[in-house]
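Data from entry14.cif: mmCIF, C-alpha atoms
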```cif
data_upload
#
loop_
_atom_site.label_atom_id
_atom_site.label_comp_id
_atom_site.auth_asym_id
_atom_site.auth_seq_id
_atom_site.Cartn_x
_atom_site.Cartn_y
_atom_site.Cartn_z
CA GLU E 161 39.81 7.77 80.42
CA ALA E 162 43.18 7.32 78.73
CA GLN E 163 42.65 5.68 75.39
CA VAL E 164 43.53 5.27 71.74
CA THR E 165 40.54 5.43 69.42
CA GLN E 166 40.30 4.29 65.83
CA ASN E 167 37.61 4.87 63.22
CA PRO E 168 36.05 3.13 61.52
CA ARG E 169 36.18 -0.19 63.34
CA TYR E 170 35.07 -2.13 60.28
CA LEU E 171 35.37 -1.18 56.64
CA ILE E 172 34.62 -2.96 53.39
CA THR E 173 35.78 -1.19 50.27
CA VAL E 174 36.70 -1.81 46.65
CA THR E 175 40.07 -1.83 44.97
CA GLY E 176 41.37 1.64 44.19
CA LYS E 177 38.99 3.68 46.33
CA LYS E 178 41.02 5.95 48.60
CA LEU E 179 40.35 5.61 52.30
CA THR E 180 41.57 6.99 55.61
CA VAL E 181 41.59 5.29 58.99
CA THR E 182 41.77 7.78 61.81
CA CYS E 183 43.66 7.33 65.07
CA SER E 184 43.52 9.62 68.06
CA GLN E 185 45.04 9.47 71.55
CA ASN E 186 44.25 11.60 74.59
CA MET E 187 47.41 10.93 76.60
CA ASN E 188 49.68 13.61 75.08
CA HIS E 189 51.96 10.86 73.77
CA GLU E 190 54.80 11.81 71.46
CA TYR E 191 55.16 8.43 69.78
CA MET E 192 52.49 6.85 67.59
CA SER E 193 52.57 3.85 65.31
CA TRP E 194 50.49 1.78 62.91
CA TYR E 195 50.58 -2.02 62.70
CA ARG E 196 48.84 -4.60 60.59
CA GLN E 197 47.98 -8.03 61.95
CA ASP E 198 47.71 -11.02 59.66
CA PRO E 199 47.11 -14.66 60.65
CA GLY E 200 50.32 -16.48 61.42
CA LEU E 201 52.43 -13.34 61.08
CA GLY E 202 51.76 -11.44 64.29
CA LEU E 203 51.89 -7.65 64.09
CA ARG E 204 54.08 -5.82 61.64
CA GLN E 205 54.83 -2.13 61.82
CA ILE E 206 53.70 0.01 58.89
CA TYR E 207 54.73 3.55 59.87
CA TYR E 208 55.62 5.37 63.02
CA SER E 209 55.92 8.95 64.24
CA MET E 210 58.30 10.20 66.87
CA ASN E 211 56.52 13.56 67.15
CA VAL E 212 54.54 16.13 65.19
CA GLU E 213 55.72 16.31 61.56
CA VAL E 214 58.21 13.46 62.15
CA THR E 215 57.26 10.18 60.50
CA ASP E 216 59.18 7.20 59.18
CA LYS E 217 58.65 3.84 57.54
CA GLY E 218 58.30 0.63 59.45
CA ASP E 219 58.68 -2.86 58.05
CA VAL E 220 55.76 -2.90 55.60
CA PRO E 221 55.10 0.68 54.38
CA GLU E 222 54.27 -0.04 50.72
CA GLY E 223 50.82 1.20 49.74
CA TYR E 224 50.33 3.34 52.84
CA LYS E 225 50.79 6.97 53.80
CA VAL E 226 50.60 8.75 57.13
CA SER E 227 50.67 12.28 58.45
CA ARG E 228 51.19 13.82 61.89
CA LYS E 229 49.98 17.40 61.87
CA GLU E 230 48.77 17.33 65.45
CA LYS E 231 50.16 15.47 68.40
CA ARG E 232 46.96 13.56 69.13
CA ASN E 233 46.12 12.36 65.60
CA PHE E 234 47.91 9.93 63.29
CA PRO E 235 45.73 8.94 60.31
CA LEU E 236 46.59 6.04 58.03
CA ILE E 237 45.87 6.66 54.35
CA LEU E 238 45.46 4.04 51.64
CA GLU E 239 45.57 5.97 48.36
CA SER E 240 44.67 2.99 46.17
CA PRO E 241 43.75 -0.01 48.29
CA SER E 242 44.36 -3.49 46.96
CA PRO E 243 43.09 -6.88 48.18
CA ASN E 244 46.46 -7.69 49.79
CA GLN E 245 45.81 -4.84 52.22
CA THR E 246 42.88 -6.73 53.68
CA SER E 247 43.94 -7.00 57.30
CA LEU E 248 43.37 -5.96 60.90
CA TYR E 249 45.01 -2.62 61.65
CA PHE E 250 46.11 -1.30 65.02
CA CYS E 251 47.19 2.16 66.05
CA ALA E 252 49.38 2.49 69.14
CA SER E 253 50.90 5.31 71.16
CA SER E 254 53.41 5.74 73.96
CA LEU E 255 55.17 8.52 75.78
CA SER E 256 58.30 7.90 73.76
CA SER E 257 59.78 5.26 71.50
CA ALA E 258 61.63 3.70 74.44
CA GLY E 259 59.31 0.73 74.70
CA GLY E 260 61.41 -0.85 77.40
CA TYR E 261 60.34 1.93 79.72
CA TYR E 262 57.11 3.29 78.32
CA GLU E 263 54.19 1.00 77.55
CA GLN E 264 52.54 1.14 74.15
CA TYR E 265 48.77 1.61 74.31
CA PHE E 266 46.83 0.03 71.47
CA GLY E 267 43.57 1.03 69.87
CA PRO E 268 40.75 -1.51 69.42
CA GLY E 269 41.63 -2.23 65.80
CA THR E 270 40.12 -1.62 62.37
CA ARG E 271 39.17 -4.60 60.26
CA LEU E 272 39.58 -3.68 56.60
CA THR E 273 38.38 -5.77 53.67
CA VAL E 274 39.32 -4.76 50.14
CA THR E 275 37.41 -6.54 47.35
CA ALA V 134 68.17 -9.15 63.34
CA GLN V 135 66.02 -10.23 66.21
CA SER V 136 63.13 -12.66 65.90
CA VAL V 137 60.74 -14.56 68.09
CA THR V 138 59.08 -17.94 67.76
CA GLN V 139 55.98 -18.93 69.64
CA LEU V 140 56.10 -22.67 69.73
CA ASP V 141 52.36 -23.33 69.92
CA SER V 142 49.71 -21.68 67.80
CA HIS V 143 46.96 -22.98 70.07
CA VAL V 144 46.94 -24.10 73.70
CA SER V 145 43.91 -25.54 75.45
CA VAL V 146 43.70 -25.97 79.24
CA SER V 147 41.00 -26.64 81.78
CA GLU V 148 40.00 -23.98 84.25
CA GLY V 149 42.13 -24.18 87.39
CA THR V 150 45.07 -25.94 85.70
CA PRO V 151 48.45 -24.36 84.92
CA VAL V 152 49.12 -22.37 81.77
CA LEU V 153 52.38 -22.53 79.82
CA LEU V 154 52.84 -20.50 76.64
CA ARG V 155 56.24 -21.00 75.07
CA CYS V 156 58.41 -18.38 73.40
CA ASN V 157 61.95 -18.61 72.05
CA TYR V 158 63.84 -15.60 70.79
CA SER V 159 66.87 -14.76 68.73
CA SER V 160 68.85 -11.59 69.29
CA SER V 161 72.36 -10.33 68.65
CA TYR V 162 72.20 -7.98 71.61
CA SER V 163 70.74 -8.01 75.09
CA PRO V 164 67.05 -8.11 74.31
CA SER V 165 64.00 -6.64 75.90
CA LEU V 166 61.11 -9.08 75.92
CA PHE V 167 57.39 -8.54 76.31
CA TRP V 168 54.17 -10.48 76.50
CA TYR V 169 50.96 -8.87 75.24
CA VAL V 170 47.42 -10.20 75.49
CA GLN V 171 44.63 -9.57 72.99
CA HIS V 172 41.08 -10.31 74.03
CA PRO V 173 38.47 -10.71 71.28
CA ASN V 174 37.71 -7.43 69.51
CA LYS V 175 40.14 -5.55 71.72
CA GLY V 176 43.54 -3.97 71.26
CA LEU V 177 46.70 -5.44 72.72
CA GLN V 178 47.47 -4.98 76.40
CA LEU V 179 50.88 -5.32 78.00
CA LEU V 180 51.07 -8.27 80.40
CA LEU V 181 54.69 -7.99 81.46
CA LYS V 182 58.16 -7.03 80.25
CA TYR V 183 61.78 -7.97 80.80
CA THR V 184 64.39 -5.22 80.35
CA SER V 185 67.60 -6.67 81.88
CA ALA V 186 66.61 -6.48 85.54
CA ALA V 187 65.28 -9.52 87.44
CA THR V 188 64.98 -12.59 85.23
CA LEU V 189 61.66 -13.63 86.78
CA VAL V 190 59.09 -11.06 85.80
CA LYS V 191 55.64 -10.79 87.32
CA GLY V 192 52.82 -9.26 85.36
CA ILE V 193 49.16 -8.55 85.66
CA ASN V 194 46.42 -11.12 86.33
CA GLY V 195 48.79 -13.60 87.96
CA PHE V 196 51.01 -14.19 84.92
CA GLU V 197 54.76 -14.39 85.11
CA ALA V 198 57.63 -15.16 82.76
CA GLU V 199 61.23 -16.17 83.22
CA PHE V 200 64.05 -14.94 81.01
CA LYS V 201 66.51 -17.80 80.39
CA LYS V 202 69.45 -16.61 78.37
CA SER V 203 71.04 -20.06 78.07
CA GLU V 204 67.84 -21.41 76.52
CA THR V 205 66.91 -18.18 74.67
CA SER V 206 63.43 -18.55 76.09
CA PHE V 207 60.82 -16.35 77.72
CA HIS V 208 57.92 -18.67 78.53
CA LEU V 209 54.71 -17.29 80.03
CA THR V 210 53.12 -19.15 82.94
CA LYS V 211 50.18 -18.92 85.29
CA PRO V 212 49.51 -21.40 88.10
CA SER V 213 45.76 -21.60 87.63
CA ALA V 214 43.83 -20.68 84.51
CA HIS V 215 40.66 -18.66 84.65
CA MET V 216 37.97 -18.47 82.00
CA SER V 217 38.79 -14.79 81.49
CA ASP V 218 42.33 -15.76 80.40
CA ALA V 219 41.00 -17.04 77.07
CA ALA V 220 42.65 -14.75 74.52
CA GLU V 221 45.52 -14.50 72.06
CA TYR V 222 48.99 -13.94 73.48
CA PHE V 223 51.94 -12.39 71.70
CA CYS V 224 55.59 -12.66 72.62
CA VAL V 225 57.66 -9.67 71.47
CA VAL V 226 61.42 -9.11 71.28
CA SER V 227 63.24 -5.84 70.90
CA GLU V 228 66.92 -5.04 70.72
CA ARG V 229 68.54 -1.74 71.62
CA GLY V 230 66.77 -1.06 74.86
CA GLY V 231 63.28 -2.01 73.85
CA ASN V 232 62.77 0.58 71.15
CA ASN V 233 59.21 0.44 69.84
CA ASN V 234 60.44 0.61 66.24
CA ASP V 235 62.57 -2.40 66.82
CA MET V 236 59.90 -4.74 68.10
CA ARG V 237 59.32 -8.10 66.48
CA PHE V 238 56.06 -9.86 67.28
CA GLY V 239 55.55 -13.59 67.38
CA ALA V 240 52.73 -15.16 65.41
CA GLY V 241 50.61 -15.49 68.52
CA THR V 242 49.25 -18.31 70.70
CA ARG V 243 45.54 -18.70 71.13
CA LEU V 244 44.66 -19.86 74.65
CA THR V 245 41.40 -21.69 75.16
CA VAL V 246 40.15 -22.35 78.70
CA LYS V 247 37.63 -25.14 79.15
CA PRO V 248 35.19 -25.12 82.07
#
```

Serialized structure, structure tokens:
Amino acid sequence: EAQVTQNPRYLITVTGKKLTVTCSQNMNHEYMSWYRQDPGLGLRQIYYSMNVEVTDKGDVPEGYKVSRKEKRNFPLILESPSPNQTSLYFCASSLSSAGGYYEQYFGPGTRLTVT
Amino acid sequence: AQSVTQLDSHVSVSEGTPVLLRCNYSSSYSPSLFWYVQHPNKGLQLLLKYTSAATLVKGINGFEAEFKKSETSFHLTKPSAHMSDAAEYFCVVSERGGNNNDMRFGAGTRLTVKP
């Protein structure tokens, strides 16, 4: 089954404790992206990757890091989480960045709470 | 820069009655427009998209949307609501051919369907 998986699905952590949210897709997609969803704001892009070893900032990259060492995986790293990073996070992938032609597939989301 | 406004944060309808979810956009170029649906505890799923072809776009599950340039609108409709339609809906605008990095999400409209 074609899918995007994220782990963990739920995470409660404390300020400053480094964490990683994993994202994996099994569709051989080149393009992957991370979003955060906050009430009343919709989804905002954090980082994206056009292909292996090619990453770039989205609209809200502060406090986050990513890496793309393999085509299927795109982990999101919070080196020193803060309470304002409490949010619902989505990973997405598509064949290419041309969203008008290639649908983005979204993972089920990771709900992160930072206390 | 492009932006999108979803005019209702919450819409409630009875099962079997029509659904109308309103979306207005702003764009300096010819936009691509999308509607995504998010069911509880699930990732986003593409409902339909407009990319400069026919202005009336049909999507999955009986939904359709009409691109009206003169009104800068892309409202989502369905003739008869079903209980399974209860979800959050996001209108998305993208300039430059629907590039994923260029997408701007609306704040979302929560649809409630009463029996």

Specify as a PDB file with C-alpha atoms, keeping the file's coordinate frame each residue included when the PyMOL selection byres ((chain E) within 6 of (chain V)) is applied to this file.
```pdb
ATOM      1  CA  GLY E 200      50.320 -16.480  61.420  1.00  0.00           C
ATOM      2  CA  LEU E 201      52.430 -13.340  61.080  1.00  0.00           C
ATOM      3  CA  GLY E 202      51.760 -11.440  64.290  1.00  0.00           C
ATOM      4  CA  LEU E 203      51.890  -7.650  64.090  1.00  0.00           C
ATOM      5  CA  SER E 257      59.780   5.260  71.500  1.00  0.00           C
ATOM      6  CA  ALA E 258      61.630   3.700  74.440  1.00  0.00           C
ATOM      7  CA  GLY E 259      59.310   0.730  74.700  1.00  0.00           C
ATOM      8  CA  GLY E 260      61.410  -0.850  77.400  1.00  0.00           C
ATOM      9  CA  PHE E 266      46.830   0.030  71.470  1.00  0.00           C
ATOM     10  CA  GLY E 267      43.570   1.030  69.870  1.00  0.00           C
ATOM     11  CA  PRO E 268      40.750  -1.510  69.420  1.00  0.00           C
TER      12      PRO E 268
END
```

**Q.** Residues in the PyMOL selection byres ((chain V and resi 155-160) around 9), expressed as a ChimeraX atom specification
**A.** /V:134-141,153-154,161-164,166,204-210,223-228,239,242

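Taking atom CA of Val214 of chain E and atom CA of Ser253 of chain E as the two end points, the separation is 14.2 Å.
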
Please write as a short mmCIF file (atom, residue, chain, number, x, y, z; two decimals) with C-alpha atoms, in the frame of the given file the list of polymer residues whose atoms come within 10 Å of (47.0, 0.5, 46.7), counting only C-alpha atoms and keeping to the coordinates of the file.
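Full text of result-v4.cif as output:
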```
data_model
loop_
_atom_site.label_atom_id
_atom_site.label_comp_id
_atom_site.auth_asym_id
_atom_site.auth_seq_id
_atom_site.Cartn_x
_atom_site.Cartn_y
_atom_site.Cartn_z
CA THR E 175 40.07 -1.83 44.97
CA GLY E 176 41.37 1.64 44.19
CA LYS E 177 38.99 3.68 46.33
CA LYS E 178 41.02 5.95 48.60
CA GLU E 222 54.27 -0.04 50.72
CA GLY E 223 50.82 1.20 49.74
CA TYR E 224 50.33 3.34 52.84
CA ILE E 237 45.87 6.66 54.35
CA LEU E 238 45.46 4.04 51.64
CA GLU E 239 45.57 5.97 48.36
CA SER E 240 44.67 2.99 46.17
CA PRO E 241 43.75 -0.01 48.29
CA SER E 242 44.36 -3.49 46.96
CA PRO E 243 43.09 -6.88 48.18
CA ASN E 244 46.46 -7.69 49.79
CA GLN E 245 45.81 -4.84 52.22
CA VAL E 274 39.32 -4.76 50.14
#
```

Q. Out of E:Gln185, E:Thr215, E:Gln205, E:Thr173, which residue has the shortest atom-to-atom distance to Tyr265 of chain E when counting all atoms listed in the file?
A.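 Going through E:Gln185, E:Thr215, E:Gln205, E:Thr173 one by one, the smallest distance to Tyr265 of chain E is for E:Gln185.
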
Q) If I put a ball of radius 10 Å at (38.8, -23.6, 86.6) in the file's coordinates, which residues poke into it when counting only C-alpha atoms, written as a list of chain:residue names? A)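 All residues meeting the 10 Å criterion around (38.8, -23.6, 86.6) are V:Val146, V:Ser147, V:Glu148, V:Gly149, V:Thr150, V:Pro151, V:Ser213, V:Ala214, V:His215, V:Met216, V:Val246, V:Lys247, V:Pro248.
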
Can you fill out segment 198-217 of chain E with N, CA and C atoms and hand it back as a PDB file, in the frame of the given file?
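Written output follows (selection29.pdb):
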```pdb
ATOM      1  N   ASP E 198      48.162  -9.991  60.588  1.00  0.00           N
ATOM      2  CA  ASP E 198      47.710 -11.020  59.660  1.00  0.00           C
ATOM      3  C   ASP E 198      47.916 -12.395  60.294  1.00  0.00           C
ATOM      4  N   PRO E 199      47.022 -13.331  60.013  1.00  0.00           N
ATOM      5  CA  PRO E 199      47.110 -14.660  60.650  1.00  0.00           C
ATOM      6  C   PRO E 199      48.467 -15.306  60.431  1.00  0.00           C
ATOM      7  N   GLY E 200      49.043 -15.795  61.510  1.00  0.00           N
ATOM      8  CA  GLY E 200      50.320 -16.480  61.420  1.00  0.00           C
ATOM      9  C   GLY E 200      51.531 -15.578  61.314  1.00  0.00           C
ATOM     10  N   LEU E 201      51.308 -14.276  61.253  1.00  0.00           N
ATOM     11  CA  LEU E 201      52.430 -13.340  61.080  1.00  0.00           C
ATOM     12  C   LEU E 201      52.580 -12.384  62.263  1.00  0.00           C
ATOM     13  N   GLY E 202      51.677 -12.395  63.192  1.00  0.00           N
ATOM     14  CA  GLY E 202      51.760 -11.440  64.290  1.00  0.00           C
ATOM     15  C   GLY E 202      51.494 -10.032  63.799  1.00  0.00           C
ATOM     16  N   LEU E 203      52.036  -9.054  64.489  1.00  0.00           N
ATOM     17  CA  LEU E 203      51.890  -7.650  64.090  1.00  0.00           C
ATOM     18  C   LEU E 203      53.149  -7.167  63.405  1.00  0.00           C
ATOM     19  N   ARG E 204      52.959  -6.411  62.362  1.00  0.00           N
ATOM     20  CA  ARG E 204      54.080  -5.820  61.640  1.00  0.00           C
ATOM     21  C   ARG E 204      53.870  -4.318  61.546  1.00  0.00           C
ATOM     22  N   GLN E 205      54.936  -3.577  61.784  1.00  0.00           N
ATOM     23  CA  GLN E 205      54.830  -2.130  61.820  1.00  0.00           C
ATOM     24  C   GLN E 205      54.787  -1.541  60.418  1.00  0.00           C
ATOM     25  N   ILE E 206      53.853  -0.612  60.203  1.00  0.00           N
ATOM     26  CA  ILE E 206      53.700   0.010  58.890  1.00  0.00           C
ATOM     27  C   ILE E 206      54.451   1.342  58.855  1.00  0.00           C
ATOM     28  N   TYR E 207      54.094   2.241  59.737  1.00  0.00           N
ATOM     29  CA  TYR E 207      54.730   3.550  59.870  1.00  0.00           C
ATOM     30  C   TYR E 207      54.735   3.921  61.343  1.00  0.00           C
ATOM     31  N   TYR E 208      55.618   4.837  61.678  1.00  0.00           N
ATOM     32  CA  TYR E 208      55.620   5.370  63.020  1.00  0.00           C
ATOM     33  C   TYR E 208      55.932   6.868  62.990  1.00  0.00           C
ATOM     34  N   SER E 209      55.659   7.517  64.122  1.00  0.00           N
ATOM     35  CA  SER E 209      55.920   8.950  64.240  1.00  0.00           C
ATOM     36  C   SER E 209      56.494   9.236  65.611  1.00  0.00           C
ATOM     37  N   MET E 210      57.645   9.885  65.611  1.00  0.00           N
ATOM     38  CA  MET E 210      58.300  10.200  66.870  1.00  0.00           C
ATOM     39  C   MET E 210      57.719  11.479  67.491  1.00  0.00           C
ATOM     40  N   ASN E 211      57.128  12.324  66.655  1.00  0.00           N
ATOM     41  CA  ASN E 211      56.520  13.560  67.150  1.00  0.00           C
ATOM     42  C   ASN E 211      55.817  14.249  65.991  1.00  0.00           C
ATOM     43  N   VAL E 212      55.254  15.405  66.235  1.00  0.00           N
ATOM     44  CA  VAL E 212      54.540  16.130  65.190  1.00  0.00           C
ATOM     45  C   VAL E 212      55.487  16.390  64.014  1.00  0.00           C
ATOM     46  N   GLU E 213      54.988  16.099  62.816  1.00  0.00           N
ATOM     47  CA  GLU E 213      55.720  16.310  61.560  1.00  0.00           C
ATOM     48  C   GLU E 213      56.951  15.412  61.411  1.00  0.00           C
ATOM     49  N   VAL E 214      57.089  14.400  62.250  1.00  0.00           N
ATOM     50  CA  VAL E 214      58.210  13.460  62.150  1.00  0.00           C
ATOM     51  C   VAL E 214      57.649  12.058  61.983  1.00  0.00           C
ATOM     52  N   THR E 215      57.752  11.528  60.764  1.00  0.00           N
ATOM     53  CA  THR E 215      57.260  10.180  60.500  1.00  0.00           C
ATOM     54  C   THR E 215      58.323   9.370  59.772  1.00  0.00           C
ATOM     55  N   ASP E 216      58.205   8.054  59.868  1.00  0.00           N
ATOM     56  CA  ASP E 216      59.180   7.200  59.180  1.00  0.00           C
ATOM     57  C   ASP E 216      58.569   5.837  58.907  1.00  0.00           C
ATOM     58  N   LYS E 217      59.178   5.132  57.946  1.00  0.00           N
ATOM     59  CA  LYS E 217      58.650   3.840  57.540  1.00  0.00           C
ATOM     60  C   LYS E 217      58.987   2.763  58.553  1.00  0.00           C
TER      61      LYS E 217
END
```
